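For reference, protein37.csv is printed below; it contains CSV, C-alpha atoms.
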```csv
chain,number,residue,atom,x,y,z
N,1304,ASN,CA,-8.9,-13.5,16.0
N,1305,ASP,CA,-7.0,-10.7,17.7
N,1306,ASN,CA,-5.9,-9.0,14.5
N,1307,ASN,CA,-9.4,-8.9,13.1
N,1308,LYS,CA,-10.8,-7.5,16.3
N,1309,LYS,CA,-8.1,-4.8,16.3
N,1310,TYR,CA,-9.1,-3.9,12.7
N,1311,MET,CA,-12.8,-4.4,13.1
N,1312,SER,CA,-14.0,-1.4,11.1
N,1313,ILE,CA,-11.6,-2.2,8.3
N,1314,SER,CA,-12.6,-5.9,8.3
N,1315,LYS,CA,-16.2,-4.9,7.7
N,1316,LYS,CA,-15.3,-2.5,5.0
N,1317,ILE,CA,-13.3,-5.0,2.9
N,1318,HIS,CA,-15.7,-7.9,3.7
N,1319,LEU,CA,-13.2,-10.5,5.1
N,1320,ARG,CA,-13.7,-14.0,3.7
N,1321,GLU,CA,-13.9,-17.1,5.7
N,1322,GLY,CA,-10.5,-17.8,7.3
N,1323,GLU,CA,-9.0,-14.5,6.1
N,1324,GLU,CA,-7.0,-12.4,8.5
N,1325,VAL,CA,-5.8,-8.8,8.4
N,1326,LEU,CA,-2.0,-8.9,8.7
N,1327,GLU,CA,-0.8,-5.4,8.2
N,1328,ILE,CA,-2.1,-1.9,7.2
N,1329,LEU,CA,0.1,0.5,5.2
N,1330,ARG,CA,-0.6,4.2,5.3
N,1331,ARG,CA,1.2,7.3,4.0
N,1332,TYR,CA,4.2,8.3,6.0
N,1333,LEU,CA,3.1,10.9,8.7
N,1334,LEU,CA,6.2,13.0,8.0
N,1335,THR,CA,4.9,13.8,4.5
N,1336,TYR,CA,1.9,15.7,6.0
N,1337,PHE,CA,4.2,17.8,8.2
N,1338,HIS,CA,3.9,21.0,6.0
N,1339,THR,CA,0.0,20.8,6.0
N,1340,TYR,CA,-0.2,20.4,9.8
N,1341,ILE,CA,2.3,23.4,10.2
N,1342,PHE,CA,0.1,25.5,7.9
N,1343,GLY,CA,-3.0,24.8,10.0
N,1344,LEU,CA,-1.2,25.5,13.2
N,1345,VAL,CA,0.2,28.8,11.9
N,1346,LEU,CA,-3.3,30.0,11.0
N,1347,MET,CA,-4.6,29.1,14.5
N,1348,THR,CA,-1.7,30.5,16.5
N,1349,GLY,CA,-1.4,33.6,14.2
N,1350,ALA,CA,-5.0,34.5,14.8
N,1351,THR,CA,-4.6,33.9,18.6
N,1352,PHE,CA,-1.4,36.1,18.6
N,1353,PHE,CA,-3.4,39.0,17.1
N,1354,ILE,CA,-6.6,38.3,19.0
N,1355,THR,CA,-6.5,41.6,21.0
N,1356,TRP,CA,-5.9,43.7,17.9
N,1357,LEU,CA,-8.6,41.8,15.9
N,1358,PHE,CA,-11.2,42.1,18.5
N,1359,GLY,CA,-10.4,45.8,18.8
N,1360,GLN,CA,-11.4,46.3,15.2
N,1361,GLY,CA,-15.0,45.4,15.9
N,1362,TRP,CA,-17.2,42.7,14.4
N,1363,TRP,CA,-15.1,42.1,11.2
N,1364,GLY,CA,-12.1,41.5,13.4
N,1365,MET,CA,-14.0,38.9,15.4
N,1366,VAL,CA,-15.2,37.2,12.2
N,1367,LEU,CA,-11.7,37.2,10.7
N,1368,TYR,CA,-10.4,35.6,13.9
N,1369,GLY,CA,-13.1,33.0,13.9
N,1370,LEU,CA,-12.5,32.2,10.2
N,1371,ALA,CA,-8.7,31.8,10.8
N,1372,VAL,CA,-9.2,29.5,13.7
N,1373,PHE,CA,-11.9,27.4,11.9
N,1374,CYS,CA,-9.8,27.1,8.7
N,1375,GLY,CA,-6.7,26.1,10.7
N,1376,PHE,CA,-8.6,23.4,12.6
N,1377,PHE,CA,-10.4,22.2,9.5
N,1378,ILE,CA,-7.1,21.8,7.6
N,1379,ILE,CA,-5.6,19.8,10.4
N,1380,PHE,CA,-8.7,17.6,10.9
N,1381,GLN,CA,-9.1,17.0,7.2
N,1382,THR,CA,-5.4,16.0,6.8
N,1383,TRP,CA,-5.7,13.6,9.7
N,1384,TYR,CA,-9.0,12.1,8.5
N,1385,PHE,CA,-7.8,11.4,5.0
N,1386,ALA,CA,-4.5,10.1,6.3
N,1387,ARG,CA,-6.5,7.5,8.3
N,1388,GLN,CA,-8.9,6.7,5.5
N,1389,ASN,CA,-6.4,6.0,2.7
N,1390,MET,CA,-4.5,2.7,3.1
N,1391,LEU,CA,-3.4,-0.6,1.7
N,1392,VAL,CA,-4.7,-3.6,3.7
N,1393,ILE,CA,-2.6,-6.8,3.6
N,1394,THR,CA,-4.5,-10.0,4.4
N,1395,GLY,CA,-3.5,-13.6,4.2
N,1396,GLN,CA,-5.2,-13.9,0.8
N,1397,ARG,CA,-5.0,-10.5,-1.0
N,1398,VAL,CA,-4.1,-6.8,-0.8
N,1399,VAL,CA,-6.9,-4.3,-0.7
N,1400,ASP,CA,-6.5,-0.6,-1.6
N,1401,ILE,CA,-8.9,1.8,0.1
N,1402,SER,CA,-8.7,5.2,-1.5
N,1403,ARG,CA,-10.8,8.2,-0.5
N,1404,ALA,CA,-10.3,11.2,-2.9
N,1405,ASN,CA,-12.8,13.4,-1.0
N,1406,TRP,CA,-15.5,13.3,1.6
N,1407,LEU,CA,-18.1,11.6,-0.7
N,1408,ASP,CA,-15.8,9.5,-2.9
N,1409,GLU,CA,-14.3,6.2,-1.7
N,1410,VAL,CA,-12.9,3.4,-3.9
N,1411,VAL,CA,-12.1,-0.1,-2.6
N,1412,SER,CA,-10.0,-2.3,-4.9
N,1413,SER,CA,-8.5,-5.7,-4.2
N,1414,VAL,CA,-6.1,-8.2,-5.9
N,1415,GLY,CA,-5.7,-11.8,-4.8
N,1416,TYR,CA,-2.2,-13.1,-4.4
N,1417,SER,CA,-2.8,-15.6,-7.3
N,1418,ASP,CA,-3.4,-12.6,-9.6
N,1419,ILE,CA,-0.3,-10.6,-8.7
N,1420,MET,CA,2.4,-10.5,-11.3
N,1421,ASP,CA,4.9,-7.9,-10.1
N,1422,ILE,CA,5.5,-5.6,-7.1
N,1423,SER,CA,7.8,-2.6,-7.2
N,1424,PHE,CA,8.6,0.6,-5.4
N,1425,ARG,CA,10.0,4.0,-6.3
N,1426,LYS,CA,11.6,6.7,-4.3
N,1427,ARG,CA,11.7,10.1,-6.0
N,1428,GLY,CA,13.5,13.2,-4.9
N,1429,LEU,CA,15.9,14.2,-2.1
N,1430,PHE,CA,13.4,14.0,0.8
N,1431,SER,CA,12.1,10.6,-0.1
N,1432,ASN,CA,15.6,9.2,-0.2
N,1433,LEU,CA,16.7,11.1,2.9
N,1434,PHE,CA,13.7,10.0,5.0
N,1435,ASN,CA,13.2,6.6,3.3
N,1436,TYR,CA,9.7,6.7,1.9
N,1437,GLY,CA,8.3,6.0,-1.6
N,1438,ASP,CA,5.5,4.6,-3.7
N,1439,ILE,CA,4.5,0.9,-4.0
N,1440,TYR,CA,3.0,-0.5,-7.2
N,1441,ILE,CA,1.3,-3.9,-7.5
N,1442,GLN,CA,0.6,-5.1,-11.0
N,1443,THR,CA,-1.8,-7.8,-11.9
N,1444,LYS,CA,-1.2,-10.6,-14.5
N,1445,SER,CA,-3.5,-8.9,-17.0
N,1446,LYS,CA,-1.3,-5.7,-16.8
N,1447,GLN,CA,-4.6,-3.7,-16.9
N,1448,PHE,CA,-4.9,-3.0,-13.2
N,1449,VAL,CA,-2.3,-1.6,-10.8
N,1450,LEU,CA,-2.7,-0.9,-7.1
N,1451,GLU,CA,-0.7,2.1,-5.9
N,1452,ILE,CA,-0.1,3.6,-2.5
N,1453,SER,CA,2.0,6.7,-2.2
N,1454,LYS,CA,4.7,7.8,0.2
N,1455,ILE,CA,5.0,4.7,2.4
N,1456,HIS,CA,7.7,4.6,5.0
N,1457,GLN,CA,10.4,2.0,4.3
N,1458,PRO,CA,8.9,0.9,1.0
N,1459,GLN,CA,11.4,-1.9,0.4
N,1460,LYS,CA,10.5,-3.5,3.7
N,1461,ALA,CA,6.8,-3.2,2.9
N,1462,MET,CA,7.3,-4.7,-0.6
N,1463,ASN,CA,9.3,-7.6,0.8
N,1464,PHE,CA,6.5,-8.3,3.3
N,1465,ILE,CA,3.9,-8.4,0.6
N,1466,MET,CA,6.1,-10.7,-1.5
N,1467,GLU,CA,6.5,-13.0,1.4
N,1468,GLN,CA,2.7,-13.3,1.8
N,1469,VAL,CA,2.3,-13.9,-1.9
N,1470,GLU,CA,4.9,-16.7,-1.8
N,1471,PHE,CA,3.4,-18.2,1.3
N,1472,TYR,CA,-0.1,-18.2,-0.2
N,1473,ARG,CA,1.0,-19.7,-3.4
N,1474,ASP,CA,3.1,-22.4,-1.7
N,1475,GLY,CA,0.1,-23.3,0.4
N,1476,LYS,CA,-2.3,-23.4,-2.5
N,1477,GLY,CA,0.2,-25.0,-4.9
N,1478,GLU,CA,-0.1,-21.9,-7.2
N,1479,LEU,CA,3.4,-21.2,-8.6
N,1480,THR,CA,4.4,-19.1,-11.5
N,1481,VAL,CA,6.5,-20.5,-14.4
N,1482,GLU,CA,9.5,-18.7,-13.1
N,1483,GLU,CA,9.1,-20.0,-9.6
N,1484,ILE,CA,8.7,-23.5,-10.8
N,1485,TYR,CA,11.8,-23.2,-13.0
N,1486,ASN,CA,13.8,-21.8,-10.0
N,1487,LYS,CA,12.7,-24.6,-7.8
N,1488,PHE,CA,13.5,-27.2,-10.4
N,1489,ILE,CA,17.0,-25.8,-10.9
N,1490,LYS,CA,17.6,-26.1,-7.2
N,1491,ILE,CA,16.7,-29.8,-7.0
N,1492,ILE,CA,18.6,-30.9,-10.1
N,1493,PRO,CA,21.6,-32.1,-8.0
N,1494,GLU,CA,19.3,-34.2,-5.9
N,1495,LEU,CA,17.8,-36.1,-8.9
N,1496,THR,CA,18.8,-39.7,-9.6
N,1497,ASP,CA,20.3,-40.8,-12.9
N,1498,ASP,CA,17.0,-42.3,-14.0
N,1499,GLU,CA,15.2,-39.1,-13.2
N,1500,LEU,CA,17.7,-37.0,-15.1
N,1501,ILE,CA,17.4,-39.3,-18.1
N,1502,GLY,CA,13.6,-38.9,-17.9
N,1503,VAL,CA,13.9,-35.1,-17.8
N,1504,ASP,CA,16.3,-35.2,-20.7
N,1505,ASP,CA,14.0,-37.3,-22.8
N,1506,ILE,CA,11.1,-34.9,-22.1
N,1507,ILE,CA,13.2,-31.9,-23.1
N,1508,HIS,CA,14.3,-33.5,-26.3
N,1509,ASP,CA,10.8,-34.5,-27.2
N,1510,GLN,CA,9.6,-30.9,-26.6
N,1511,LEU,CA,12.4,-29.5,-28.7
N,1512,GLU,CA,11.6,-31.8,-31.6
N,1513,GLU,CA,7.9,-30.8,-31.5
N,1514,GLU,CA,8.8,-27.1,-31.6
N,1515,LEU,CA,11.2,-27.8,-34.5
N,1516,VAL,CA,8.5,-29.6,-36.4
N,1517,GLU,CA,5.9,-26.9,-35.7
N,1518,GLY,CA,8.4,-24.2,-36.7
```
Represent the structure from my file as structure tokens, please.
Amino acid sequence: NDNNKKYMSISKKIHLREGEEVLEILRRYLLTYFHTYIFGLVLMTGATFFITWLFGQGWWGMVLYGLAVFCGFFIIFQTWYFARQNMLVITGQRVVDISRANWLDEVVSSVGYSDIMDISFRKRGLFSNLFNYGDIYIQTKSKQFVLEISKIHQPQKAMNFIMEQVEFYRDGKGELTVEEIYNKFIKIIPELTDDELIGVDDIIHDQLEEELVEG
């Protein structure tokens, strides 16, 4: 489909399953890289500003100019590259965390919607609250594995989107948590007939008696 064609390289990396579709990709907020880009630009523009003086110093001035420009360009490129490579991919069946710590180290981890227990986000500090970015945490039912992506813009909106996909997937598959079943049951109580309510009451009393006996 159109989305999978748009995210072709990512689709191959995470090995999309049959019928699976990439819905959204979350990356670190561009504004949080601002200081790194500025530092790279300062190196390049600073070297260019002093180019006449540096070249007048002979070969070492030329080398110093070349190093400053190269380092500035490398810092900018590396920042851009890693910003593109680190992401959280949201599909119709799971979330996939693609994390690249350095040029030769990439980790791809995924959690299916049926295995997600909790999703939360955290905004720390003045700037994260001022510019509305934060960290998202996805915890599995085993509590031994957590997916994390840092400094996402509008983290609550992103969290709500993931939660909607989890609920949609579970409703379609008939996979509901105990809490979700309880909440749905509470909502339909007013719609139950007298006979159905009596049946539920009998089941509850039977269960309570069993627990008392076992206790």
message: List the spatial neighbours of range 1435-1444 of chain N as an NGL selection string - criterion: any atom at most 9 Å away, only C-alpha atoms, same-chain residues fewer than 2 positions off excluded.
response: :N and (1331-1332 or 1335 or 1414 or 1417-1427 or 1430-1433 or 1446-1459 or 1461-1462)
query: Between N:Arg1330, N:Lys1487, N:Lys1315, N:His1338, which one has atoms that come closest to Asp1400 in chain N, using all atoms listed in the file?
result: N:Arg1330
- prompt: Quick one: distance from CA of Ile1354 in chain N to CA of Leu1367 in chain N in Å, one decimal?
  reply: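 Atom-to-atom, CA of Ile1354 in chain N to CA of Leu1367 in chain N, that is 9.8 Å.
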- prompt: Any idea what the distance is between CA of Ile1313 in chain N and CA of Thr1339 in chain N?
  reply: 25.9 Å
query: Near range 1403-1407 of chain N, within 10 Å and counting only C-alpha atoms, which residues show up once chain neighbours fewer than 4 positions away are dropped, as a ChimeraX atom specification?
result: /N:1381,1384-1390,1411
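Across the model, the gap from CA of Arg1320 in chain N to CA of Gly1395 in chain N is 10.2 Å.
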field: Among the residues N:Ile1465, N:Cys1374, N:Leu1495, N:Met1311, the one that comes closest to Gly1415 in chain N [using only C-alpha atoms]
entry: N:Ile1465
message: So, with all atoms listed in the file as the atoms that count, which of N:Thr1382, N:Gln1396, N:Asn1486, N:Thr1351 lies closest to Gly1322 in chain N?
response: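 Closest to Gly1322 in chain N, using all atoms listed in the file: N:Gln1396.
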message: Restricting the calculation to all atoms listed in the file: of N:Asp1509, N:Lys1490, N:Tyr1416, N:Leu1500, which residue gets closest to Tyr1472 in chain N?
response: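 Result for the nearest residue to Tyr1472 in chain N: N:Tyr1416.
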